[in-house]
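Data block below; observations after.
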Amino acid sequence: MSYVLTCPNCGPREVTDFGFGGEVNPRPAGEPSQRELNAYNYFRRNVAGVQREWWFHRSGCGAWFLAERDTRTNMVLLTELPGDADEAPGAGGAPGGAGQPAGGAGGTL
Ligand SMILES: [Zn+2]
């Protein structure tokens with residue numbers, strides 16, 4: 001299935017230009033328990049509906065950005081750079097701490 005994503009830097013492109021980095025999964029704060037760490041590493045919400053996700057412009061500018069996509073229809077509601085979002089790096093929302101998902105670089109559709 002093909003659809004269009006809008007890179008915040010480059011504009012609209014086919015989804016095949018991008019790498020999928022997974023759903024936004026806030027890192028647990030403080031000193032998490034073993035159970036919290038397991039949930040962070042292995043559990044995903046996998047919603048049927050609007051989901052916040054990480055995407056990587058693999059064939060373009062190389063930027064990581066956030067998108068809100070309806071997983072039922074693949075309609076993309078918005079895209080934004082992490083610095084524009086509430087989950088700015090250091091605010092606990094950006095896995096990897098540098099605005100990039102941890103281990104998500106190899107993700108493909
Ligand atoms: Zn781009």
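Just remember, in the structure tokens the first chain shown is A, the second B, etc., residues are 1-based per chain, and ligands are 1-based in the order shown.
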
All residues 12 Å or closer to Ala39 (chain A), only C-alpha atoms, same chain fewer than 4 positions away omitted, as a VMD selection string: chain A and resid 25 to 28 32 to 35 43 to 45

Write the selection just made, keeping N, CA and C atoms, as a compact mmCIF listing (two decimals), in the first residue's frame?
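Once everything was written out, this is selection11.txt:
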# COMPACT_ATOMS: atom_id res chain seq x y z
N ASN A 25 7.20 5.89 22.11
CA ASN A 25 7.18 5.06 23.31
C ASN A 25 8.02 5.75 24.38
N PRO A 26 7.40 6.60 25.19
CA PRO A 26 8.18 7.38 26.16
C PRO A 26 9.00 6.51 27.11
N ARG A 27 10.24 6.92 27.29
CA ARG A 27 11.15 6.22 28.18
C ARG A 27 10.68 6.40 29.63
N PRO A 28 10.69 5.35 30.46
CA PRO A 28 10.28 5.53 31.86
C PRO A 28 11.23 6.47 32.59
N PRO A 32 13.49 3.04 36.75
CA PRO A 32 12.35 2.16 36.52
C PRO A 32 12.59 0.77 37.09
N SER A 33 11.50 0.10 37.42
CA SER A 33 11.57 -1.29 37.88
C SER A 33 11.84 -2.20 36.69
N GLN A 34 12.17 -3.46 36.98
CA GLN A 34 12.38 -4.44 35.90
C GLN A 34 11.13 -4.57 35.05
N ARG A 35 9.98 -4.54 35.68
CA ARG A 35 8.71 -4.65 34.95
C ARG A 35 8.51 -3.46 34.01
N PHE A 43 6.68 -4.01 24.97
CA PHE A 43 5.24 -3.83 24.78
C PHE A 43 4.96 -2.61 23.92
N ARG A 44 4.02 -2.74 23.00
CA ARG A 44 3.56 -1.63 22.18
C ARG A 44 2.05 -1.59 22.26
N ARG A 45 1.50 -0.38 22.05
CA ARG A 45 0.05 -0.23 22.15
C ARG A 45 -0.64 -0.76 20.90

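For region 12-50 of chain A, the set of residues given helix (DSSP H, G or I) by DSSP on the backbone reads Val15, Thr16, Asp17, Gln34, Arg35, Glu36, Leu37, Asn38, Ala39, Tyr40, Asn41 and Tyr42 of chain A.
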
Using only C-alpha atoms and all ligand atoms, what does the table of chain A residues within 12 Å of ligand 1 look like, with each row giving the shortest atom pair and its distance in Å to one decimal, sorted by chain and ascending number, as a tab-separated table?
residue	atom	partner	partner_atom_place_in_ligand_line	distance
A:Leu5	CA	ligand 1	1 (Zn)	10.0
A:Thr6	CA	ligand 1	1 (Zn)	8.2
A:Cys7	CA	ligand 1	1 (Zn)	4.8
A:Pro8	CA	ligand 1	1 (Zn)	6.5
A:Asn9	CA	ligand 1	1 (Zn)	4.8
A:Cys10	CA	ligand 1	1 (Zn)	4.2
A:Gly11	CA	ligand 1	1 (Zn)	6.9
A:Pro12	CA	ligand 1	1 (Zn)	8.8
A:Arg13	CA	ligand 1	1 (Zn)	8.5
A:Glu14	CA	ligand 1	1 (Zn)	11.3
A:Val15	CA	ligand 1	1 (Zn)	11.5
A:Asp17	CA	ligand 1	1 (Zn)	8.9
A:Phe18	CA	ligand 1	1 (Zn)	8.7
A:Gly19	CA	ligand 1	1 (Zn)	11.3
A:Trp55	CA	ligand 1	1 (Zn)	10.2
A:Phe56	CA	ligand 1	1 (Zn)	8.1
A:His57	CA	ligand 1	1 (Zn)	5.1
A:Arg58	CA	ligand 1	1 (Zn)	8.0
A:Ser59	CA	ligand 1	1 (Zn)	7.8
A:Gly60	CA	ligand 1	1 (Zn)	4.7
A:Cys61	CA	ligand 1	1 (Zn)	4.0
A:Gly62	CA	ligand 1	1 (Zn)	6.1
A:Ala63	CA	ligand 1	1 (Zn)	5.9
A:Trp64	CA	ligand 1	1 (Zn)	8.6
A:Phe65	CA	ligand 1	1 (Zn)	9.1
A:Thr79	CA	ligand 1	1 (Zn)	11.2
A:Glu80	CA	ligand 1	1 (Zn)	11.2
A:Leu81	CA	ligand 1	1 (Zn)	10.5

Based on the selection just made, write C-alpha atoms of those residues as a CSV table (one decimal), in the first residue's frame.
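Final output, part.csv:
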chain,number,residue,atom,x,y,z
A,5,LEU,CA,4.1,11.4,4.0
A,6,THR,CA,5.1,15.0,4.3
A,7,CYS,CA,8.7,15.4,5.4
A,8,PRO,CA,9.0,18.6,7.6
A,9,ASN,CA,12.1,19.6,5.6
A,10,CYS,CA,11.4,18.3,2.0
A,11,GLY,CA,7.6,18.3,1.6
A,12,PRO,CA,5.3,15.5,0.4
A,13,ARG,CA,6.9,12.2,-0.8
A,14,GLU,CA,5.9,8.6,-1.3
A,15,VAL,CA,6.1,6.6,1.8
A,17,ASP,CA,11.1,7.3,0.7
A,18,PHE,CA,10.9,6.8,4.4
A,19,GLY,CA,11.9,4.3,7.1
A,55,TRP,CA,9.7,8.2,10.7
A,56,PHE,CA,13.1,8.7,9.0
A,57,HIS,CA,13.5,10.3,5.6
A,58,ARG,CA,15.8,7.6,4.3
A,59,SER,CA,15.9,8.7,0.7
A,60,GLY,CA,15.9,12.4,1.4
A,61,CYS,CA,17.3,14.7,4.1
A,62,GLY,CA,17.9,12.0,6.7
A,63,ALA,CA,15.8,13.7,9.3
A,64,TRP,CA,13.9,11.9,12.0
A,65,PHE,CA,10.4,13.3,12.6
A,79,THR,CA,4.1,15.5,10.7
A,80,GLU,CA,6.6,17.6,12.8
A,81,LEU,CA,10.2,17.7,13.8

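Take the candidates A:Gly30, A:Gly49, A:Glu23, A:Asn38 and check each one against Met75 (chain A) using only C-alpha atoms; the shortest distance goes to A:Gly49.
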
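Proximity to Pro82 (chain A) was assessed for A:Ala48, A:Ala29, A:Val4, A:Val24 counting only C-alpha atoms; the smallest distance is recorded for A:Val24.
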
Interatomic distance (Å, one decimal) between CA of Gly21 (chain A) and CA of Leu37 (chain A):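 Result for CA of Gly21 (chain A) versus CA of Leu37 (chain A): 19.1 Å, one decimal.
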
Gap from CA of Phe20 (chain A) to CA of Tyr42 (chain A) - Å, one decimal: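 One can read the CA of Phe20 (chain A) to CA of Tyr42 (chain A) distance as 17.0 Å.
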
Interatomic distance (Å, one decimal) between CA of Thr16 (chain A) and CA of Ser2 (chain A):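 Straight-line distance from CA of Thr16 (chain A) to CA of Ser2 (chain A) works out to 7.5 Å.
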